[in-house]
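As provided, start-v9.txt (compact mmCIF, C-alpha atoms) reads as follows.
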```
# COMPACT_ATOMS: atom_id res chain seq x y z
CA MET A 1 0.00 0.00 0.00
CA GLU A 2 1.19 3.50 -0.82
CA TYR A 3 0.48 6.72 1.04
CA SER A 4 0.63 10.27 -0.23
CA ILE A 5 2.53 12.70 1.95
CA ASN A 6 -0.72 14.05 3.39
CA GLU A 7 -2.03 10.55 4.12
CA LEU A 8 1.20 9.56 5.88
CA SER A 9 1.17 12.84 7.76
CA LYS A 10 -2.27 12.05 9.20
CA LEU A 11 -1.39 8.41 9.86
CA ALA A 12 1.79 9.19 11.78
CA GLY A 13 0.74 12.43 13.43
CA VAL A 14 3.56 14.48 11.96
CA SER A 15 3.24 17.43 9.63
CA ALA A 16 3.76 17.19 5.88
CA ARG A 17 6.36 19.92 6.30
CA THR A 18 8.31 17.64 8.65
CA LEU A 19 8.18 14.80 6.12
CA ARG A 20 9.46 17.11 3.40
CA TYR A 21 12.30 18.19 5.68
CA TYR A 22 13.19 14.55 6.41
CA ASP A 23 13.41 14.04 2.66
CA GLU A 24 15.62 17.11 2.21
CA ILE A 25 18.17 15.94 4.81
CA GLY A 26 18.12 12.35 3.57
CA LEU A 27 16.52 10.93 6.70
CA LEU A 28 13.36 9.54 5.09
CA LEU A 29 13.20 9.37 1.32
CA PRO A 30 9.85 8.69 -0.38
CA LEU A 31 9.31 5.49 -2.31
CA ARG A 32 8.70 7.56 -5.41
CA THR A 33 7.87 11.05 -6.60
CA ASN A 34 5.46 11.54 -9.48
CA GLU A 35 5.81 13.96 -12.39
CA ALA A 36 3.98 16.64 -10.47
CA GLY A 37 6.50 16.36 -7.62
CA TYR A 38 4.16 14.66 -5.14
CA ARG A 39 5.83 12.22 -2.74
CA PHE A 40 4.50 8.70 -2.10
CA TYR A 41 5.58 6.31 0.65
CA GLY A 42 5.45 2.53 0.86
CA GLU A 43 5.56 -0.06 3.65
CA LYS A 44 9.33 0.22 4.15
CA GLU A 45 9.14 4.02 4.51
CA VAL A 46 6.31 3.68 7.04
CA GLU A 47 8.48 1.33 9.12
CA LEU A 48 11.43 3.70 8.93
CA LEU A 49 9.26 6.64 9.97
CA GLN A 50 8.12 4.64 12.98
CA GLN A 51 11.76 4.09 13.92
CA ILE A 52 12.48 7.80 13.54
CA LEU A 53 9.61 8.65 15.87
CA PHE A 54 10.74 6.06 18.42
CA TYR A 55 14.27 7.46 18.42
CA ARG A 56 12.95 11.02 18.65
CA GLU A 57 10.86 10.02 21.66
CA ARG A 58 14.04 8.74 23.28
CA GLY A 59 15.72 12.11 22.69
CA PHE A 60 18.00 11.30 19.77
CA ALA A 61 18.97 14.12 17.41
CA LEU A 62 18.05 13.76 13.73
CA GLU A 63 21.68 13.39 12.66
CA GLN A 64 22.17 10.62 15.21
CA ILE A 65 19.07 8.82 13.94
CA LYS A 66 20.27 9.08 10.36
CA ASN A 67 23.66 7.64 11.27
CA ILE A 68 22.01 4.72 13.06
CA MET A 69 19.37 3.89 10.48
CA TYR A 70 21.62 4.01 7.46
CA GLN A 71 24.36 1.79 8.78
CA SER A 72 24.80 -1.35 6.70
CA ASP A 73 23.93 -3.61 9.64
CA PHE A 74 20.82 -1.69 10.77
CA ASP A 75 18.00 -4.11 11.57
CA ILE A 76 14.49 -2.96 12.47
CA LEU A 77 13.77 -5.94 14.75
CA SER A 78 16.97 -5.35 16.73
CA ALA A 79 16.10 -1.65 16.92
CA LEU A 80 12.67 -2.53 18.31
CA TYR A 81 14.23 -4.68 21.01
CA GLY A 82 16.48 -1.74 21.84
CA HIS A 83 13.50 0.60 22.13
CA LEU A 84 11.68 -1.91 24.32
CA GLU A 85 14.64 -2.30 26.66
CA GLU A 86 15.09 1.46 27.03
CA LEU A 87 11.37 2.05 27.57
CA GLU A 88 11.24 -0.66 30.23
CA ASN A 89 14.23 0.96 31.95
CA GLN A 90 12.46 4.32 31.81
CA LYS A 91 9.33 2.74 33.29
CA LYS A 92 11.33 1.30 36.19
CA ARG A 93 12.93 4.67 36.87
CA LEU A 94 9.59 6.47 36.69
CA ASP A 95 7.89 3.90 38.93
CA GLY A 96 10.65 4.38 41.49
CA LEU A 97 10.38 8.16 41.32
CA ILE A 98 6.58 8.05 41.59
CA SER A 99 6.89 5.87 44.69
CA ILE A 100 9.32 8.34 46.26
CA VAL A 101 7.07 11.34 45.55
CA LYS A 102 3.98 9.57 46.92
CA LYS A 103 5.84 8.60 50.08
CA THR A 104 7.14 12.15 50.57
CA ILE A 105 3.62 13.60 50.11
CA LEU A 106 2.26 11.29 52.81
CA VAL A 107 5.07 12.30 55.16
CA LYS A 108 4.42 16.00 54.52
CA LYS A 109 0.71 15.48 55.27
CA GLY A 110 1.53 13.71 58.51
CA GLU A 111 0.03 10.45 57.28
CA ASP A 112 3.28 8.48 57.25
CA ASN A 113 6.76 8.48 58.76
CA MET A 114 10.18 8.46 57.14
CA SER A 115 13.38 7.37 58.85
CA ASP A 116 16.71 9.08 58.27
CA GLN A 117 17.81 5.97 56.37
CA GLU A 118 14.80 6.28 54.05
CA ARG A 119 15.55 9.96 53.47
CA PHE A 120 19.12 9.02 52.59
CA GLU A 121 17.93 6.37 50.14
CA ILE A 122 15.60 8.90 48.56
CA LEU A 123 18.50 11.34 48.09
CA LYS A 124 20.48 8.66 46.27
CA GLU A 125 17.52 7.65 44.12
CA ARG A 126 16.81 11.26 43.19
CA MET A 127 20.43 11.77 42.18
CA ILE A 128 20.30 8.64 40.02
CA GLN A 129 17.10 9.83 38.35
CA GLU A 130 18.49 13.31 37.69
CA ASN A 131 21.71 11.88 36.29
CA GLU A 132 19.75 9.58 33.99
CA ALA A 133 17.47 12.37 32.78
CA GLN A 134 20.34 14.76 32.04
CA TYR A 135 23.09 12.52 30.74
CA GLY A 136 21.72 9.01 30.35
CA GLN A 137 21.27 9.08 26.60
CA GLU A 138 24.80 10.32 25.82
CA VAL A 139 26.46 7.90 28.24
CA ARG A 140 24.44 4.93 26.97
CA GLU A 141 25.25 5.76 23.36
CA LYS A 142 28.98 6.11 24.04
CA TYR A 143 29.56 3.42 26.67
CA GLY A 144 26.46 1.18 26.47
CA ASN A 145 23.49 0.43 28.73
CA ALA A 146 25.54 -1.81 31.02
CA SER A 147 27.87 1.03 32.03
CA MET A 148 24.96 3.28 32.98
CA GLU A 149 23.18 0.56 34.95
CA GLU A 150 26.39 -0.44 36.76
CA ALA A 151 27.00 3.17 37.76
CA ALA A 152 23.45 3.46 39.10
CA GLN A 153 23.86 0.22 41.07
CA LYS A 154 27.14 1.37 42.62
CA MET A 155 25.43 4.57 43.68
CA LYS A 156 22.56 2.60 45.23
CA ASN A 157 25.07 0.50 47.17
CA MET A 158 26.89 3.52 48.61
CA SER A 159 27.00 3.82 52.35
CA GLU A 160 25.96 7.15 53.83
CA GLU A 161 29.64 7.97 54.40
CA ASP A 162 30.48 7.15 50.77
CA TYR A 163 27.56 9.23 49.53
CA ARG A 164 28.70 12.24 51.57
CA ARG A 165 32.22 11.81 50.18
CA PHE A 166 30.80 11.61 46.66
CA GLN A 167 28.92 14.87 47.13
CA LYS A 168 31.90 16.55 48.77
CA LEU A 169 34.16 15.59 45.85
CA GLU A 170 31.67 16.94 43.32
CA ASN A 171 31.39 20.27 45.13
CA GLU A 172 35.15 20.53 45.61
CA ILE A 173 35.81 19.88 41.91
CA LEU A 174 33.35 22.60 40.89
CA LEU A 175 34.78 25.08 43.40
CA ARG A 176 38.40 24.47 42.44
CA LEU A 177 37.60 24.65 38.73
CA THR A 178 35.95 28.02 39.27
CA GLU A 179 38.90 29.32 41.28
CA ALA A 180 41.40 28.01 38.72
CA VAL A 181 39.66 29.68 35.79
CA VAL A 182 39.23 32.97 37.66
CA ALA A 183 42.91 32.89 38.63
CA GLU A 184 43.83 32.10 35.01
CA ALA A 185 45.69 28.99 36.12
CA MET A 186 47.10 26.58 33.54
CA PRO A 187 45.42 23.17 33.14
CA GLU A 188 48.92 21.70 32.81
CA GLY A 189 49.91 23.13 36.21
CA ALA A 190 49.73 21.75 39.73
CA GLU A 191 46.13 22.89 40.27
CA GLY A 192 45.06 21.12 37.09
CA LYS A 193 46.69 17.93 38.34
CA GLU A 194 44.94 18.14 41.71
CA ILE A 195 41.56 18.65 40.05
CA VAL A 196 42.12 15.66 37.76
CA LEU A 197 43.00 13.49 40.77
CA LEU A 198 39.79 14.55 42.50
CA HIS A 199 37.81 13.94 39.34
CA LYS A 200 39.34 10.48 38.94
CA GLU A 201 38.40 9.57 42.52
CA TRP A 202 34.88 10.90 41.96
CA LEU A 203 34.42 8.81 38.81
CA GLY A 204 35.80 5.74 40.55
CA MET A 205 32.95 5.85 43.04
CA THR A 206 30.42 5.00 40.31
CA TRP A 207 32.45 3.38 37.53
CA LYS A 208 32.84 -0.40 37.63
CA THR A 209 36.30 -0.16 36.07
CA TYR A 210 38.34 3.00 35.57
CA SER A 211 40.18 3.51 32.28
CA LYS A 212 42.22 6.43 31.03
CA GLU A 213 40.57 6.30 27.61
CA ALA A 214 37.08 6.46 29.09
CA HIS A 215 38.18 9.36 31.31
CA LYS A 216 39.45 11.28 28.29
CA GLY A 217 36.34 10.39 26.30
CA LEU A 218 34.11 11.74 29.04
CA ALA A 219 36.18 14.92 29.18
CA MET A 220 35.57 15.44 25.48
CA MET A 221 31.82 15.14 26.08
CA TYR A 222 32.10 17.95 28.62
CA VAL A 223 32.87 20.41 25.82
CA MET A 224 30.99 18.72 22.97
CA ASP A 225 27.63 18.49 24.72
CA GLU A 226 26.09 21.77 25.84
CA ARG A 227 24.37 20.19 28.86
CA PHE A 228 27.69 19.00 30.31
CA THR A 229 29.27 22.35 29.51
CA ALA A 230 26.42 24.24 31.19
CA TYR A 231 26.84 22.13 34.33
CA TYR A 232 30.54 22.98 34.73
CA ASP A 233 30.25 26.55 33.45
CA LYS A 234 27.22 27.53 35.52
CA LYS A 235 29.25 30.00 37.62
CA VAL A 236 32.24 30.83 35.42
CA GLN A 237 32.60 30.17 31.72
CA GLY A 238 35.59 28.07 30.75
CA CYS A 239 35.50 25.48 33.54
CA ALA A 240 34.48 22.61 31.26
CA ALA A 241 37.27 23.48 28.82
CA PHE A 242 39.81 23.75 31.65
CA LEU A 243 38.79 20.33 32.97
CA ARG A 244 39.03 18.71 29.54
CA LYS A 245 42.51 20.16 28.92
CA ALA A 246 43.70 19.14 32.38
CA ILE A 247 42.43 15.58 31.92
CA GLU A 248 43.97 15.33 28.45
CA TYR A 249 47.33 16.45 29.84
CA TRP A 250 47.45 14.68 33.20
CA VAL A 251 45.54 11.42 32.80
CA GLU A 252 48.46 9.61 31.15
CA LYS A 253 50.86 10.91 33.77
CA LEU A 254 48.99 9.85 36.90
```
Mind turning the file's structure into structure tokens?
Amino acid sequence: MEYSINELSKLAGVSARTLRYYDEIGLLLPLRTNEAGYRFYGEKEVELLQQILFYRERGFALEQIKNIMYQSDFDILSALYGHLEELENQKKRLDGLISIVKKTILVKKGEDNMSDQERFEILKERMIQENEAQYGQEVREKYGNASMEEAAQKMKNMSEEDYRRFQKLENEILLRLTEAVVAEAMPEGAEGKEIVLLHKEWLGMTWKTYSKEAHKGLAMMYVMDERFTAYYDKKVQGCAAFLRKAIEYWVEKL
């Protein structure tokens, strides 16, 4: 069965303008175009559009989707299993967060109690959820689902003392980065080395296995992805770049 661009637009819930744009950037080409220039789509194109919409729902950029879908080994069934796994992971995270919010509401209303241990567990769970929401996609794409899940599990297993140390390291790294940039320190200097050592310790608290290559790869993401950059540069611009340069210089020397 073939669909005109307007028919596919209504079927998929996307605008005809969007479909034309997908054609222009080579993301979704029509099955054929008639002499009048009207686009028509077949079964294969409908399946590909579904994949595009699934990836978009997961937060992938159009260029990323194009790179994935037009690889020689791209398989729709495997992609569907990938979507299912990610959606099930999202459901688990949302169910956990919903449970936390409901419990906290009951406590605030005086209808339930919460021990200090429960409050501590909630803090860890909230941090895991926030980390997943902000950086989960990029980390999973670069290092795989297993790495993200292992990091979350290590965080869940942290003792209260470990968790406090983890938070203290994060705050100290941010503070010292800010001071270093303001003071116009060199990433290759002693302060850069100290910050890299702190950062390495901080990563080690959630990474299953530390590697220099992964450390440098993460540093590159700090300047390539605007969300990472915004996190480090929230007080003073240039902190993310300083950290990347310091890691690049010092990680092989530690």
A straight line from atom CA of A:Arg244 to atom CA of A:Phe228 spans 11.4 Å
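The space separating atom CA of A:Met148 from atom CA of A:Gly96 comes to 16.7 Å.
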Write out as a PDB file with C-alpha atoms, in the frame of the given file each polymer residue whose atoms come within 8 Å of stretch 203-211 of chain A, counting only C-alpha atoms; drop sequence neighbours fewer than 5 positions from it.
```
ATOM      1  CA  SER A 147      27.870   1.030  32.030  1.00  0.00           C
ATOM      2  CA  GLU A 150      26.390  -0.440  36.760  1.00  0.00           C
ATOM      3  CA  ALA A 151      27.000   3.170  37.760  1.00  0.00           C
ATOM      4  CA  ALA A 152      23.450   3.460  39.100  1.00  0.00           C
ATOM      5  CA  LYS A 154      27.140   1.370  42.620  1.00  0.00           C
ATOM      6  CA  MET A 155      25.430   4.570  43.680  1.00  0.00           C
ATOM      7  CA  PHE A 166      30.800  11.610  46.660  1.00  0.00           C
TER       8      PHE A 166
END
```
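Each of A:Ile68, A:Val101, A:Leu27, A:Ile5 was compared to A:Arg39 using all atoms listed in the file, and A:Ile5 turns out to be the nearest.
Atom to atom, atom CA of A:Met127 and atom CA of A:Lys200 stand 19.2 Å apart.
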My list of candidates is A:Asp73, A:Glu130, A:Glu2, A:Glu86. Which is closest to A:Tyr55 when distances are computed with only C-alpha atoms? A:Glu86
When distances are computed from all atoms listed in the file, which of A:Ile122, A:Leu80, A:Ala246, A:Val181 shows the smallest separation from A:Leu97? A:Ile122
